[in-house]
Amino acid sequence: MIKITLNVVMAQRNMTTGELAKQVGITPANISILKTGKARAIRFSTLEKICEVLDCQPGDILSYTKDVDGSTDV
Amino acid sequence: MSKWLNRGINVVLVLLWFARIISWIAMIEPLGVLIAYFTGRTTTHILTNTDFLMPVGRHTASHAAVASFPAGWYSLAMFLGMVIMLVGALMVINALIKLLHNVLEEAYFTAANVQQLKQILTAQWLFIVGTFLLAVANQLTTSWLYRINTTVNVDWSDVVGSVIDLIIYAVIYLVYSRAVALKTDNDLTV
């Protein structure tokens, strides 16, 4: 299971959903989909842009964990 | 959506609305079959009513054949066949109305439309069963009384046709539901 920790990095950078969406070039709804773990896939171009805006590595917002029930994972 | 397509869909919706009313009214027909059976008039009705034509080759049923005609089985098959066909028709009409409303709102690939297609598929199963029962009933009148029903003119080839229709609708449903799944995945791709 891929775990999304985008909200953690956003909090560390004091970045709101709206601001991140505007700078990345996607809708706030898509940022929310990503944060809540409902996303089925993420494009490399989007991941690159997010990392550029948040000045982080993909591994900072994506991590692999074994299946755990009830977690916010994709 | 083009203006003509929009108008065309609205015309079809009106026709479907009428078809739904007529289907409900047609529910009286199966009751007529039961009433004829319980009043002992089934065989006489088949032999004398203008709804039943006589084949050219032979059209005189013997007294023994008339006496032994399985009116009960005929009435049951005809009643159940007609009811099942009407239920199936109502399911298709309702599903089409909902589908067309969604098309008018330009909601083409939605889970709701997948459900409506599934309902049409279920209705087609009912058509197969209903067609089979009506073909059985018509075979009884043809074989025993040498009469061919022109009002409910269903025979064995219609059963085969219903099965082929089911296969076609099943393929459409499978492809469409896969398309909706792909769209859902795409909508959830960031």
# chains A, B, ... in the order shown; residues from 1 in each chain; ligands from 1
>>> select_by_dssp(residues="chain A", states="strand (DSSP E or B)", output="number ranges by chain")
A: 2-4, 41, 62-64, 73
>>> interface_residues(of="chain B", to="chain A", cutoff="9 Å", atoms="only C-alpha atoms", output="PyMOL selection string")
chain B and resi 184-190
>>> write_last_selection(atoms="N, CA and C atoms", output="short mmCIF file (atom, residue, chain, number, x, y, z; two decimals), in the first residue's frame")
data_model
loop_
_atom_site.label_atom_id
_atom_site.label_comp_id
_atom_site.auth_asym_id
_atom_site.auth_seq_id
_atom_site.Cartn_x
_atom_site.Cartn_y
_atom_site.Cartn_z
N THR B 184 -13.47 6.55 -14.36
CA THR B 184 -13.34 6.77 -12.90
C THR B 184 -11.86 6.82 -12.51
N ASP B 185 -11.09 5.87 -13.06
CA ASP B 185 -9.65 5.86 -12.80
C ASP B 185 -9.01 7.16 -13.29
N ASN B 186 -9.43 7.60 -14.45
CA ASN B 186 -8.87 8.83 -15.02
C ASN B 186 -9.24 10.05 -14.18
N ASP B 187 -10.49 10.07 -13.69
CA ASP B 187 -10.93 11.20 -12.85
C ASP B 187 -10.15 11.24 -11.54
N LEU B 188 -9.71 10.05 -11.08
CA LEU B 188 -8.96 9.99 -9.83
C LEU B 188 -7.46 9.92 -10.07
N THR B 189 -7.04 10.27 -11.28
CA THR B 189 -5.62 10.38 -11.57
C THR B 189 -5.23 11.85 -11.48
N VAL B 190 -4.31 12.14 -10.53
CA VAL B 190 -3.93 13.52 -10.27
C VAL B 190 -2.80 13.94 -11.20
#
>>> residues_around(residues="B:Met91", least_positions_apart="2", cutoff="8 Å", atoms="only C-alpha atoms", output="JSON, numbers by chain")
{"B": [87, 88, 89, 93, 94, 95, 119, 120, 123]}
>>> write_last_selection(atoms="N, CA and C atoms", output="PDB file, in the first residue's frame")
ATOM      1  N   VAL B  87     -43.475  -7.236 -17.510  1.00  0.00           N
ATOM      2  CA  VAL B  87     -42.549  -6.768 -16.462  1.00  0.00           C
ATOM      3  C   VAL B  87     -41.204  -6.398 -17.090  1.00  0.00           C
ATOM      4  N   GLY B  88     -40.723  -7.260 -17.991  1.00  0.00           N
ATOM      5  CA  GLY B  88     -39.473  -6.980 -18.693  1.00  0.00           C
ATOM      6  C   GLY B  88     -39.563  -5.688 -19.507  1.00  0.00           C
ATOM      7  N   ALA B  89     -40.694  -5.501 -20.178  1.00  0.00           N
ATOM      8  CA  ALA B  89     -40.879  -4.289 -20.987  1.00  0.00           C
ATOM      9  C   ALA B  89     -40.859  -3.043 -20.104  1.00  0.00           C
ATOM     10  N   ILE B  93     -38.270   0.074 -20.345  1.00  0.00           N
ATOM     11  CA  ILE B  93     -38.767   1.444 -20.539  1.00  0.00           C
ATOM     12  C   ILE B  93     -38.241   2.364 -19.439  1.00  0.00           C
ATOM     13  N   ASN B  94     -38.335   1.910 -18.185  1.00  0.00           N
ATOM     14  CA  ASN B  94     -37.853   2.742 -17.068  1.00  0.00           C
ATOM     15  C   ASN B  94     -36.361   3.006 -17.188  1.00  0.00           C
ATOM     16  N   ALA B  95     -35.602   1.976 -17.543  1.00  0.00           N
ATOM     17  CA  ALA B  95     -34.146   2.132 -17.678  1.00  0.00           C
ATOM     18  C   ALA B  95     -33.811   3.100 -18.808  1.00  0.00           C
ATOM     19  N   GLN B 119     -29.962  -3.268 -15.766  1.00  0.00           N
ATOM     20  CA  GLN B 119     -31.399  -3.529 -15.669  1.00  0.00           C
ATOM     21  C   GLN B 119     -31.937  -4.006 -17.012  1.00  0.00           C
ATOM     22  N   ILE B 120     -31.449  -3.421 -18.094  1.00  0.00           N
ATOM     23  CA  ILE B 120     -31.890  -3.855 -19.424  1.00  0.00           C
ATOM     24  C   ILE B 120     -31.456  -5.298 -19.668  1.00  0.00           C
ATOM     25  N   ALA B 123     -33.762  -7.508 -17.798  1.00  0.00           N
ATOM     26  CA  ALA B 123     -35.041  -7.571 -18.514  1.00  0.00           C
ATOM     27  C   ALA B 123     -34.952  -8.535 -19.695  1.00  0.00           C
TER      28      ALA B 123
END
>>> atom_distance(atom1="atom CA of B:Leu145", atom2="atom CA of B:Leu76")
17.3 Å
>>> residues_around(residues="B:Ala71", least_positions_apart="4", cutoff="12 Å", atoms="only C-alpha atoms", output="PyMOL selection string")
chain B and resi 33-34+36-46+65-67+75-79+137-138+140-141+144-145
>>> atom_distance(atom1="atom CA of B:Val136", atom2="atom CA of B:Ser162")
15.0 Å
>>> closest_residue(among="B:Leu104, B:Ile128, B:Leu121, B:Ala111", to="B:Lys3", atoms="only C-alpha atoms")
B:Leu104
>>> atom_distance(atom1="atom CA of B:Met85", atom2="atom CA of B:Asn149")
16.5 Å
>>> residues_around(residues="B:Val152", least_positions_apart="6", cutoff="9 Å", atoms="only C-alpha atoms", output="ChimeraX atom specification")
/B:51,82,134,138
>>> decode(residues="stretch 73-110 of chain B", atoms="N, CA, C and O atoms", output="short mmCIF file (atom, residue, chain, number, x, y, z; two decimals), in the first residue's frame")
data_model
loop_
_atom_site.label_atom_id
_atom_site.label_comp_id
_atom_site.auth_asym_id
_atom_site.auth_seq_id
_atom_site.Cartn_x
_atom_site.Cartn_y
_atom_site.Cartn_z
N TRP B 73 -52.54 -25.96 -18.60
CA TRP B 73 -51.13 -25.67 -18.91
C TRP B 73 -51.01 -24.53 -19.91
O TRP B 73 -50.13 -23.67 -19.78
N TYR B 74 -51.93 -24.52 -20.90
CA TYR B 74 -51.91 -23.43 -21.88
C TYR B 74 -52.13 -22.09 -21.18
O TYR B 74 -51.39 -21.13 -21.41
N SER B 75 -53.14 -22.03 -20.33
CA SER B 75 -53.48 -20.77 -19.65
C SER B 75 -52.33 -20.33 -18.74
O SER B 75 -51.99 -19.15 -18.69
N LEU B 76 -51.74 -21.29 -18.04
CA LEU B 76 -50.63 -20.95 -17.14
C LEU B 76 -49.44 -20.41 -17.92
O LEU B 76 -48.86 -19.38 -17.57
N ALA B 77 -49.09 -21.11 -19.00
CA ALA B 77 -47.95 -20.67 -19.82
C ALA B 77 -48.22 -19.30 -20.43
O ALA B 77 -47.35 -18.41 -20.44
N MET B 78 -49.42 -19.11 -20.94
CA MET B 78 -49.77 -17.84 -21.57
C MET B 78 -49.79 -16.72 -20.53
O MET B 78 -49.23 -15.62 -20.77
N PHE B 79 -50.40 -16.97 -19.36
CA PHE B 79 -50.48 -15.95 -18.31
C PHE B 79 -49.08 -15.54 -17.83
O PHE B 79 -48.73 -14.36 -17.82
N LEU B 80 -48.29 -16.55 -17.45
CA LEU B 80 -46.95 -16.24 -16.95
C LEU B 80 -46.08 -15.59 -18.02
O LEU B 80 -45.35 -14.64 -17.74
N GLY B 81 -46.19 -16.11 -19.24
CA GLY B 81 -45.39 -15.55 -20.34
C GLY B 81 -45.71 -14.08 -20.56
O GLY B 81 -44.81 -13.24 -20.68
N MET B 82 -47.00 -13.74 -20.58
CA MET B 82 -47.40 -12.35 -20.82
C MET B 82 -46.99 -11.45 -19.66
O MET B 82 -46.48 -10.34 -19.88
N VAL B 83 -47.18 -11.92 -18.43
CA VAL B 83 -46.80 -11.10 -17.27
C VAL B 83 -45.30 -10.84 -17.27
O VAL B 83 -44.85 -9.71 -17.09
N ILE B 84 -44.52 -11.90 -17.49
CA ILE B 84 -43.06 -11.75 -17.47
C ILE B 84 -42.60 -10.81 -18.58
O ILE B 84 -41.72 -9.97 -18.37
N MET B 85 -43.20 -10.94 -19.76
CA MET B 85 -42.82 -10.05 -20.87
C MET B 85 -43.16 -8.60 -20.54
O MET B 85 -42.38 -7.68 -20.82
N LEU B 86 -44.33 -8.37 -19.92
CA LEU B 86 -44.73 -7.00 -19.58
C LEU B 86 -43.83 -6.41 -18.49
O LEU B 86 -43.46 -5.23 -18.55
N VAL B 87 -43.48 -7.24 -17.51
CA VAL B 87 -42.55 -6.77 -16.46
C VAL B 87 -41.20 -6.40 -17.09
O VAL B 87 -40.62 -5.35 -16.79
N GLY B 88 -40.72 -7.26 -17.99
CA GLY B 88 -39.47 -6.98 -18.69
C GLY B 88 -39.56 -5.69 -19.51
O GLY B 88 -38.64 -4.87 -19.50
N ALA B 89 -40.69 -5.50 -20.18
CA ALA B 89 -40.88 -4.29 -20.99
C ALA B 89 -40.86 -3.04 -20.10
O ALA B 89 -40.23 -2.03 -20.45
N LEU B 90 -41.51 -3.11 -18.96
CA LEU B 90 -41.52 -1.96 -18.04
C LEU B 90 -40.12 -1.66 -17.52
O LEU B 90 -39.73 -0.50 -17.38
N MET B 91 -39.36 -2.74 -17.25
CA MET B 91 -37.98 -2.53 -16.78
C MET B 91 -37.15 -1.83 -17.85
O MET B 91 -36.38 -0.90 -17.55
N VAL B 92 -37.31 -2.25 -19.09
CA VAL B 92 -36.54 -1.62 -20.19
C VAL B 92 -36.97 -0.17 -20.37
O VAL B 92 -36.13 0.72 -20.51
N ILE B 93 -38.27 0.07 -20.35
CA ILE B 93 -38.77 1.44 -20.54
C ILE B 93 -38.24 2.36 -19.44
O ILE B 93 -37.75 3.46 -19.71
N ASN B 94 -38.33 1.91 -18.19
CA ASN B 94 -37.85 2.74 -17.07
C ASN B 94 -36.36 3.01 -17.19
O ASN B 94 -35.89 4.13 -16.96
N ALA B 95 -35.60 1.98 -17.54
CA ALA B 95 -34.15 2.13 -17.68
C ALA B 95 -33.81 3.10 -18.81
O ALA B 95 -32.94 3.96 -18.66
N LEU B 96 -34.52 2.98 -19.92
CA LEU B 96 -34.27 3.88 -21.06
C LEU B 96 -34.60 5.32 -20.71
O LEU B 96 -33.87 6.25 -21.10
N ILE B 97 -35.69 5.53 -19.97
CA ILE B 97 -36.07 6.89 -19.58
C ILE B 97 -34.96 7.51 -18.73
O ILE B 97 -34.54 8.65 -18.94
N LYS B 98 -34.45 6.73 -17.75
CA LYS B 98 -33.39 7.26 -16.88
C LYS B 98 -32.12 7.50 -17.68
O LYS B 98 -31.44 8.53 -17.50
N LEU B 99 -31.79 6.59 -18.58
CA LEU B 99 -30.59 6.74 -19.41
C LEU B 99 -30.68 8.00 -20.26
O LEU B 99 -29.72 8.78 -20.33
N LEU B 100 -31.83 8.20 -20.90
CA LEU B 100 -31.98 9.36 -21.79
C LEU B 100 -31.96 10.67 -21.00
O LEU B 100 -31.44 11.69 -21.48
N HIS B 101 -32.53 10.65 -19.79
CA HIS B 101 -32.46 11.86 -18.94
C HIS B 101 -31.00 12.20 -18.64
O HIS B 101 -30.59 13.36 -18.66
N ASN B 102 -30.20 11.16 -18.35
CA ASN B 102 -28.77 11.38 -18.06
C ASN B 102 -28.04 11.89 -19.30
O ASN B 102 -27.16 12.74 -19.21
N VAL B 103 -28.41 11.37 -20.46
CA VAL B 103 -27.78 11.83 -21.71
C VAL B 103 -28.12 13.30 -21.95
O VAL B 103 -27.27 14.09 -22.35
N LEU B 104 -29.37 13.67 -21.66
CA LEU B 104 -29.77 15.08 -21.81
C LEU B 104 -28.94 15.99 -20.89
O LEU B 104 -28.63 17.13 -21.24
N GLU B 105 -28.59 15.48 -19.71
CA GLU B 105 -27.76 16.26 -18.78
C GLU B 105 -26.28 16.09 -19.07
O GLU B 105 -25.44 16.53 -18.30
N GLU B 106 -25.99 15.38 -20.19
CA GLU B 106 -24.61 15.14 -20.64
C GLU B 106 -23.79 14.36 -19.61
O GLU B 106 -22.58 14.52 -19.54
N ALA B 107 -24.47 13.54 -18.85
CA ALA B 107 -23.77 12.61 -17.94
C ALA B 107 -23.72 11.26 -18.65
O ALA B 107 -24.60 10.41 -18.50
N TYR B 108 -22.68 11.09 -19.49
CA TYR B 108 -22.63 9.93 -20.38
C TYR B 108 -22.08 8.69 -19.69
O TYR B 108 -22.67 7.61 -19.77
N PHE B 109 -20.94 8.85 -19.04
CA PHE B 109 -20.26 7.68 -18.46
C PHE B 109 -20.35 7.76 -16.94
O PHE B 109 -19.44 8.25 -16.28
N THR B 110 -21.45 7.29 -16.41
CA THR B 110 -21.67 7.33 -14.96
C THR B 110 -22.05 5.95 -14.46
O THR B 110 -22.52 5.10 -15.24
#
